[in-house]
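S.K.: File follows, run07.cif with mmCIF, C-alpha atoms:
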data_query
#
loop_
_atom_site.label_atom_id
_atom_site.label_comp_id
_atom_site.auth_asym_id
_atom_site.auth_seq_id
_atom_site.Cartn_x
_atom_site.Cartn_y
_atom_site.Cartn_z
CA MET A 1 73.13 53.98 -28.43
CA THR A 2 75.61 53.30 -31.21
CA ALA A 3 74.44 53.16 -34.82
CA LEU A 4 73.25 49.63 -35.54
CA ASP A 5 74.48 48.26 -38.85
CA ALA A 6 72.55 45.08 -39.69
CA GLU A 7 75.00 44.08 -42.42
CA PHE A 8 78.01 44.35 -40.08
CA ILE A 9 76.24 42.48 -37.27
CA THR A 10 75.13 39.66 -39.58
CA LYS A 11 78.77 38.99 -40.47
CA MET A 12 79.53 38.14 -36.83
CA SER A 13 78.29 34.53 -37.18
CA PRO A 14 77.27 32.17 -40.02
CA SER A 15 74.09 31.46 -38.03
CA LEU A 16 72.87 35.05 -38.45
CA THR A 17 70.73 36.10 -41.42
CA MET A 18 70.11 39.60 -42.70
CA SER A 19 66.32 39.37 -42.35
CA GLN A 20 66.42 38.19 -38.73
CA THR A 21 69.15 40.69 -37.79
CA ARG A 22 67.39 43.61 -39.46
CA HIS A 23 64.15 42.64 -37.68
CA ARG A 24 65.88 42.86 -34.31
CA VAL A 25 67.74 46.03 -35.22
CA ASN A 26 64.40 47.70 -36.02
CA ILE A 27 62.99 46.64 -32.65
CA ILE A 28 66.02 47.52 -30.53
CA ARG A 29 66.70 50.82 -32.26
CA GLY A 30 63.28 52.01 -31.08
CA TRP A 31 64.17 51.30 -27.46
CA GLY A 32 67.18 53.62 -27.50
CA ILE A 33 69.29 51.43 -25.22
CA GLU A 34 72.22 53.46 -23.92
CA GLU A 35 75.85 52.63 -24.62
CA GLY A 36 77.53 51.04 -21.62
CA SER A 37 74.33 49.36 -20.42
CA LYS A 38 74.51 46.04 -18.59
CA LEU A 39 71.75 43.86 -20.02
CA LEU A 40 70.21 40.51 -19.13
CA GLU A 41 68.74 38.71 -22.13
CA LEU A 42 66.44 35.75 -21.53
CA GLY A 43 65.82 33.17 -24.24
CA CYS A 44 68.84 34.14 -26.32
CA GLY A 45 68.89 30.99 -28.48
CA GLN A 46 71.67 31.09 -31.06
CA GLY A 47 72.22 34.77 -30.41
CA ASP A 48 70.20 36.54 -33.11
CA CYS A 49 69.21 39.28 -30.68
CA THR A 50 72.34 38.98 -28.53
CA ALA A 51 74.52 40.20 -31.38
CA VAL A 52 72.37 43.28 -31.92
CA LEU A 53 72.31 44.04 -28.19
CA ALA A 54 76.10 43.70 -28.01
CA ALA A 55 76.47 46.21 -30.82
CA ALA A 56 74.01 48.55 -29.07
CA VAL A 57 75.78 48.61 -25.68
CA GLY A 58 79.25 48.95 -27.19
CA PRO A 59 82.62 48.03 -25.65
CA LEU A 60 81.77 49.49 -22.24
CA GLY A 61 78.53 47.54 -21.88
CA HIS A 62 77.76 43.87 -21.40
CA VAL A 63 75.10 41.34 -22.40
CA THR A 64 74.45 38.34 -20.15
CA ALA A 65 72.53 35.94 -22.40
CA VAL A 66 70.61 33.00 -20.92
CA ASP A 67 68.94 30.05 -22.65
CA PRO A 68 68.00 26.56 -21.38
CA GLY A 69 68.36 24.89 -24.79
CA SER A 70 70.77 22.02 -25.37
CA LEU A 71 74.02 23.19 -26.94
CA ASP A 72 73.68 20.30 -29.41
CA TYR A 73 70.28 21.53 -30.64
CA GLY A 74 69.90 23.14 -34.04
CA SER A 75 70.75 22.73 -37.70
CA PRO A 76 72.80 23.45 -39.77
CA MET A 77 74.56 25.07 -36.79
CA THR A 78 73.92 23.95 -33.24
CA LEU A 79 73.18 26.35 -30.41
CA GLY A 80 76.69 25.82 -29.03
CA GLN A 81 78.40 26.38 -32.38
CA ALA A 82 76.47 29.58 -33.06
CA GLN A 83 77.21 30.98 -29.60
CA LYS A 84 80.90 30.05 -29.99
CA CYS A 85 81.08 31.97 -33.27
CA LEU A 86 79.65 35.06 -31.60
CA LYS A 87 82.06 34.77 -28.68
CA GLU A 88 84.97 34.66 -31.14
CA SER A 89 83.68 37.66 -33.11
CA PRO A 90 84.54 41.34 -32.50
CA LEU A 91 81.38 41.55 -30.36
CA GLY A 92 82.30 38.56 -28.20
CA SER A 93 84.12 40.46 -25.46
CA VAL A 94 80.85 42.00 -24.23
CA ILE A 95 78.81 38.77 -24.30
CA THR A 96 78.53 36.01 -21.69
CA PHE A 97 76.35 33.00 -22.52
CA HIS A 98 74.77 30.81 -19.84
CA GLN A 99 73.03 27.51 -20.56
CA ALA A 100 70.43 27.64 -17.80
CA ASP A 101 66.73 27.79 -17.08
CA PRO A 102 65.91 31.51 -16.69
CA ILE A 103 64.20 31.06 -13.32
CA GLU A 104 67.02 28.92 -11.94
CA PHE A 105 69.54 31.45 -13.24
CA LEU A 106 67.74 34.31 -11.51
CA GLN A 107 67.57 32.33 -8.27
CA LEU A 108 71.29 31.48 -8.34
CA HIS A 109 72.60 34.85 -9.52
CA THR A 110 71.65 37.95 -7.54
CA LYS A 111 73.34 40.53 -9.76
CA ASN A 112 71.33 43.58 -10.82
CA TYR A 113 71.20 44.84 -14.42
CA ASP A 114 70.18 48.03 -16.16
CA ALA A 115 67.55 46.20 -18.18
CA ALA A 116 66.16 42.79 -19.08
CA ILE A 117 65.42 41.87 -22.69
CA LEU A 118 62.76 39.37 -23.76
CA VAL A 119 62.53 39.29 -27.56
CA HIS A 120 60.36 36.56 -29.07
CA CYS A 121 60.84 34.30 -26.07
CA ILE A 122 57.71 34.65 -23.90
CA TRP A 123 55.82 32.01 -25.88
CA TYR A 124 58.57 29.52 -25.00
CA PHE A 125 57.68 29.72 -21.29
CA SER A 126 55.86 26.65 -20.02
CA SER A 127 52.87 28.46 -18.44
CA PRO A 128 51.43 31.89 -17.58
CA GLU A 129 52.57 31.26 -14.00
CA VAL A 130 56.18 30.98 -15.16
CA ILE A 131 55.86 34.22 -17.12
CA SER A 132 54.41 35.90 -14.02
CA TYR A 133 57.15 34.66 -11.69
CA THR A 134 59.89 35.66 -14.14
CA LEU A 135 58.57 39.20 -14.48
CA GLN A 136 58.11 39.46 -10.72
CA VAL A 137 61.75 38.55 -10.10
CA LEU A 138 63.01 40.80 -12.88
CA ALA A 139 61.06 43.75 -11.45
CA LYS A 140 63.35 43.67 -8.41
CA ARG A 141 66.58 43.26 -10.36
CA VAL A 142 66.40 45.62 -13.33
CA LYS A 143 65.41 49.21 -14.00
CA ARG A 144 63.46 48.34 -17.13
CA ILE A 145 62.11 45.31 -18.96
CA TYR A 146 61.99 45.43 -22.75
CA ILE A 147 59.57 42.99 -24.39
CA ALA A 148 58.92 42.22 -28.05
CA GLU A 149 56.43 39.47 -28.85
CA TYR A 150 54.03 38.68 -31.65
CA ALA A 151 50.86 40.75 -31.37
CA LEU A 152 48.35 38.16 -32.66
CA SER A 153 47.14 40.85 -35.04
CA SER A 154 47.90 42.39 -38.40
CA GLU A 155 46.28 44.70 -40.92
CA GLN A 156 47.58 42.46 -43.71
CA THR A 157 45.52 39.59 -45.09
CA ALA A 158 48.81 37.87 -45.94
CA ALA A 159 49.65 37.62 -42.22
CA MET A 160 46.41 35.90 -41.26
CA PRO A 161 47.82 32.38 -41.87
CA HIS A 162 50.59 33.10 -39.35
CA ILE A 163 48.09 34.14 -36.68
CA GLN A 164 45.88 31.11 -37.38
CA ALA A 165 48.88 28.77 -37.38
CA VAL A 166 50.09 30.00 -34.00
CA LEU A 167 46.66 29.55 -32.42
CA THR A 168 46.44 26.09 -33.98
CA GLN A 169 49.81 25.12 -32.51
CA ALA A 170 48.80 26.50 -29.12
CA SER A 171 45.58 24.46 -29.15
CA LEU A 172 47.67 21.31 -29.53
CA GLU A 173 50.59 22.17 -27.25
CA CYS A 174 48.37 23.04 -24.27
CA ARG A 175 47.28 19.39 -24.26
CA LYS A 176 50.83 18.07 -23.85
CA GLU A 177 52.46 17.55 -20.46
CA GLU A 178 55.76 18.76 -21.94
CA SER A 179 56.26 20.80 -25.09
CA THR A 180 59.26 21.58 -27.29
CA SER A 181 57.26 23.78 -29.65
CA ASN A 182 57.95 27.41 -30.51
CA VAL A 183 54.48 28.12 -29.11
CA ARG A 184 54.20 26.61 -25.63
CA THR A 185 52.22 29.39 -23.93
CA VAL A 186 50.60 31.80 -26.33
CA ALA A 187 50.13 35.18 -24.64
CA SER A 188 48.54 38.23 -26.24
CA PRO A 189 49.71 41.78 -25.48
CA SER A 190 46.67 42.26 -23.21
CA LYS A 191 47.54 39.09 -21.29
CA ILE A 192 51.16 40.20 -20.84
CA ARG A 193 49.94 43.61 -19.64
CA GLU A 194 47.61 41.89 -17.17
CA ILE A 195 50.43 39.71 -15.80
CA ALA A 196 52.78 42.68 -15.59
CA ASP A 197 50.23 44.77 -13.68
CA ARG A 198 49.63 41.92 -11.24
CA VAL A 199 53.33 41.71 -10.31
CA GLY A 200 53.79 45.46 -9.90
CA LEU A 201 54.94 46.54 -13.36
CA SER A 202 53.62 49.35 -15.54
CA VAL A 203 53.82 49.54 -19.32
CA ILE A 204 55.43 52.94 -19.88
CA SER A 205 55.50 52.70 -23.66
CA GLU A 206 54.19 50.35 -26.32
CA SER A 207 53.89 50.23 -30.07
CA ILE A 208 53.05 47.86 -32.90
CA TYR A 209 55.75 47.05 -35.43
CA THR A 210 55.08 45.42 -38.80
CA PRO A 211 57.96 43.13 -39.86
CA GLU A 212 59.44 43.44 -43.32
CA ALA A 213 58.30 41.06 -46.04
CA ASP A 214 61.46 38.92 -45.99
CA LEU A 215 61.02 37.80 -42.36
CA GLU A 216 60.10 34.14 -42.78
CA ASP A 217 58.67 33.23 -39.37
CA GLY A 218 55.10 33.42 -40.64
CA ARG A 219 55.80 30.99 -43.46
CA TRP A 220 57.71 28.61 -41.17
CA GLU A 221 54.93 28.41 -38.59
CA THR A 222 52.23 28.01 -41.24
CA ASN A 223 54.11 25.27 -43.09
CA MET A 224 54.61 23.42 -39.81
CA VAL A 225 50.88 23.36 -39.09
CA LEU A 226 49.91 22.35 -42.62
CA ASP A 227 52.45 19.52 -42.74
CA GLU A 228 51.01 16.01 -42.37
CA ALA A 229 53.30 15.47 -39.37
CA PHE A 230 51.13 17.94 -37.46
CA THR A 231 47.98 15.86 -37.97
CA LYS A 232 49.85 12.81 -36.70
CA GLU A 233 50.76 14.75 -33.56
CA VAL A 234 47.12 15.67 -33.09
CA ASP A 235 46.14 11.99 -33.33
CA ASN A 236 48.85 11.05 -30.82
CA PHE A 237 48.15 13.70 -28.20
CA VAL A 238 44.45 14.58 -28.46
CA ARG A 239 42.17 11.69 -27.52
CA ASP A 240 38.85 13.47 -27.09
CA GLU A 241 37.14 13.76 -30.47
CA ARG A 242 35.56 17.14 -29.69
CA GLU A 243 38.92 18.58 -28.67
CA LYS A 244 40.54 17.06 -31.74
CA GLY A 245 37.83 18.69 -33.82
CA VAL A 246 38.77 22.11 -32.43
CA VAL A 247 42.46 21.69 -33.32
CA MET A 248 41.70 20.43 -36.81
CA ALA A 249 39.15 23.20 -37.41
CA LEU A 250 41.84 25.75 -36.58
CA ARG A 251 44.18 23.97 -38.98
CA ASP A 252 41.50 24.16 -41.67
CA ALA A 253 41.13 27.88 -40.98
CA THR A 254 44.88 28.26 -41.47
CA GLN A 255 44.64 26.57 -44.86
CA ALA A 256 41.67 28.76 -45.80
CA ALA A 257 43.66 31.87 -44.88
CA VAL A 258 46.50 30.74 -47.15
CA GLU A 259 44.06 30.26 -50.03
CA ARG A 260 43.02 33.92 -49.76
CA ILE A 261 46.57 34.96 -50.67
CA LYS A 262 47.19 35.30 -54.40
CA GLU A 263 50.76 33.94 -54.17
CA GLY A 264 49.75 31.10 -51.84
CA ARG A 265 52.29 30.03 -49.23
CA LYS A 266 55.04 32.10 -50.87
CA GLY A 267 53.06 35.24 -50.08
CA ILE A 268 52.60 34.59 -46.35
CA ARG A 269 53.73 37.50 -44.17
CA THR A 270 54.76 37.51 -40.53
CA MET A 271 52.24 39.06 -38.12
CA ASP A 272 52.82 42.33 -36.27
CA VAL A 273 54.99 42.58 -33.17
CA TRP A 274 54.05 44.22 -29.87
CA VAL A 275 57.04 46.23 -28.63
CA SER A 276 56.93 47.51 -25.05
CA VAL A 277 58.88 48.91 -22.12
CA LEU A 278 57.97 48.01 -18.53
CA GLU A 279 59.03 49.57 -15.22
CA ALA A 280 58.20 48.90 -11.59
CA LYS A 281 55.27 50.98 -10.30
#
Go through the file and emit its structure as structure tokens.
M.R.:
Amino acid sequence: MTALDAEFITKMSPSLTMSQTRHRVNIIRGWGIEEGSKLLELGCGQGDCTAVLAAAVGPLGHVTAVDPGSLDYGSPMTLGQAQKCLKESPLGSVITFHQADPIEFLQLHTKNYDAAILVHCIWYFSSPEVISYTLQVLAKRVKRIYIAEYALSSEQTAAMPHIQAVLTQASLECRKEESTSNVRTVASPSKIREIADRVGLSVISESIYTPEADLEDGRWETNMVLDEAFTKEVDNFVRDEREKGVVMALRDATQAAVERIKEGRKGIRTMDVWVSVLEAK
């Protein structure tokens, strides 16, 4: 694998930030992806991870990046604009973007890859069944599956609001017929292991990574839950008073976790990340 320079990679697109790029560099560097690898990335979004993968595989490799999101989605740059910037960058020649549902893409395209990459995308899947089917299909098409997803744990008190906020969001989103949230199907490392085992995959390595302090995901998710707009959503989507009580109690727990941090919301940290490698049994 080539040396991964977060500063150089961040310059590839105005949509990239140093904290998000460095976070992905730290994850991907640990996987030791070989130069020249042909990778399939699911849930690529604006390309935060795509850019790092492209740098890792080098000019002889390729990254096929798939995301179902609308190309008009996003601010200040849309998904389409961010992907276009990456395509026009020095890394662009080894990247192909596809706007497609991952399952539909896998059904339509029968190409095999060296590895599949799922970085912070599993919670976007609509159900555990969709996660299971996706991993089952990937097991037949790639040599390895690399997964990085939030671990729902941390040794840091300052990361507790992030964990509470995610569980609060999940308690609301599971009551919606359709969700556009960042947390549509919350799955713990043990749940992902269970699903993987059921579809014939083994976890050959795993570790826990603690994000650096400047990664803002924890603050974003917490602020979203504590915003008044969240309580309005609860009123709109949760009719049963007992169920509503559960969601709001979790929200209260999120607020209580924030109050235990000396710096308040400014001191919120992002929870740990579960980093794993899967192979067919």
S.K.: Taking the file above as input, evaluate the PyMOL selection byres ((chain A and resi 29-39) around 9) and report the hits as a PyMOL selection string.
M.R.: chain A and resi 1-4+24-28+40-41+53+55-65+112-117+142+146+275-277
S.K.: Under the rule that all atoms listed in the file are counted, which of A:Arg184, A:Arg144, A:Lys266, A:Lys191 is the nearest residue to Glu216 in chain A?
M.R.: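 Under the stated criterion, the closest residue is A:Lys266.
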S.K.: Report as a ChimeraX atom specification the residues that result from applying the PyMOL selection byres ((chain A and resi 21) around 8) to the structure here.
M.R.: /A:6,9-10,16-20,22-25,48-49,52
S.K.: Here is a test: counting all atoms listed in the file, which residue of A:Gly218, A:Gly245, A:Gly200, A:Gly80 is nearest to Arg265 in chain A?
M.R.: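 Checking each of A:Gly218, A:Gly245, A:Gly200, A:Gly80 against Arg265 in chain A, counting all atoms listed in the file, the winner is A:Gly218.
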S.K.: If the PyMOL selection byres ((chain A and resi 164) around 8) is run on the structure shown, which residues does it catch, given as a ChimeraX atom specification?
M.R.: /A:160-163,165-168,250-251,253-254,257
S.K.: Once you have the residues from the selection above, write them out as a PDB file, keeping the file's coordinate frame, restricted to C-alpha atoms.
M.R.:
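Ended up saving to out.pdb:
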ATOM      1  CA  MET A 160      46.410  35.900 -41.260  1.00  0.00           C
ATOM      2  CA  PRO A 161      47.820  32.380 -41.870  1.00  0.00           C
ATOM      3  CA  HIS A 162      50.590  33.100 -39.350  1.00  0.00           C
ATOM      4  CA  ILE A 163      48.090  34.140 -36.680  1.00  0.00           C
ATOM      5  CA  ALA A 165      48.880  28.770 -37.380  1.00  0.00           C
ATOM      6  CA  VAL A 166      50.090  30.000 -34.000  1.00  0.00           C
ATOM      7  CA  LEU A 167      46.660  29.550 -32.420  1.00  0.00           C
ATOM      8  CA  THR A 168      46.440  26.090 -33.980  1.00  0.00           C
ATOM      9  CA  LEU A 250      41.840  25.750 -36.580  1.00  0.00           C
ATOM     10  CA  ARG A 251      44.180  23.970 -38.980  1.00  0.00           C
ATOM     11  CA  ALA A 253      41.130  27.880 -40.980  1.00  0.00           C
ATOM     12  CA  THR A 254      44.880  28.260 -41.470  1.00  0.00           C
ATOM     13  CA  ALA A 257      43.660  31.870 -44.880  1.00  0.00           C
TER      14      ALA A 257
END
S.K.: Find the distance between CA of His98 in chain A and CA of Lys176 in chain A and write it in Å to one decimal.
M.R.: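 Distance between the two atoms: 27.4 Å.
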S.K.: Check the smallest atom-to-atom distance from each of A:Trp274, A:Gly45, A:Ser15, A:Tyr133 to Met77 in chain A using only C-alpha atoms, then report the winner.
M.R.: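 Of A:Trp274, A:Gly45, A:Ser15, A:Tyr133, the one nearest Met77 in chain A, counting only C-alpha atoms, is A:Ser15.
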S.K.: When you count only C-alpha atoms, which of these residues is closest to Lys143 in chain A: A:Ser171, A:Ser190, A:Ser202, A:Ser181?
M.R.: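 Residue with the minimum atom-to-atom distance to Lys143 in chain A: A:Ser202.
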S.K.: Rounded to one decimal, what separation in Å do you get between CA of Glu129 in chain A and CA of Arg239 in chain A?
M.R.: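 Taking CA of Glu129 in chain A and CA of Arg239 in chain A, their separation equals 26.0 Å.
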S.K.: Can you pull out every residue within 7 Å of Leu86 in chain A, counting only C-alpha atoms, but drop anything in the same chain fewer than 4 positions away, and send it as a list in words?
M.R.: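 Once the nearby chain positions are removed, what remains is Met12, Ser13, Ala82, Leu91 and Gly92 of chain A.
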S.K.: Within 6 Å of Cys44 in chain A, counting all atoms listed in the file, which residues qualify if same-chain residues fewer than 3 places away don't, as a PDB file with C-alpha atoms, in the frame of the given file?
M.R.:
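Below is the file that was written, selection01.pdb:
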ATOM      1  CA  GLY A  47      72.220  34.770 -30.410  1.00  0.00           C
ATOM      2  CA  ALA A  65      72.530  35.940 -22.400  1.00  0.00           C
ATOM      3  CA  VAL A  66      70.610  33.000 -20.920  1.00  0.00           C
ATOM      4  CA  ASP A  67      68.940  30.050 -22.650  1.00  0.00           C
TER       5      ASP A  67
END
S.K.: Could you check how far CA of Thr96 in chain A sits from CA of Pro211 in chain A, in Å to one decimal?
M.R.: 28.4 Å
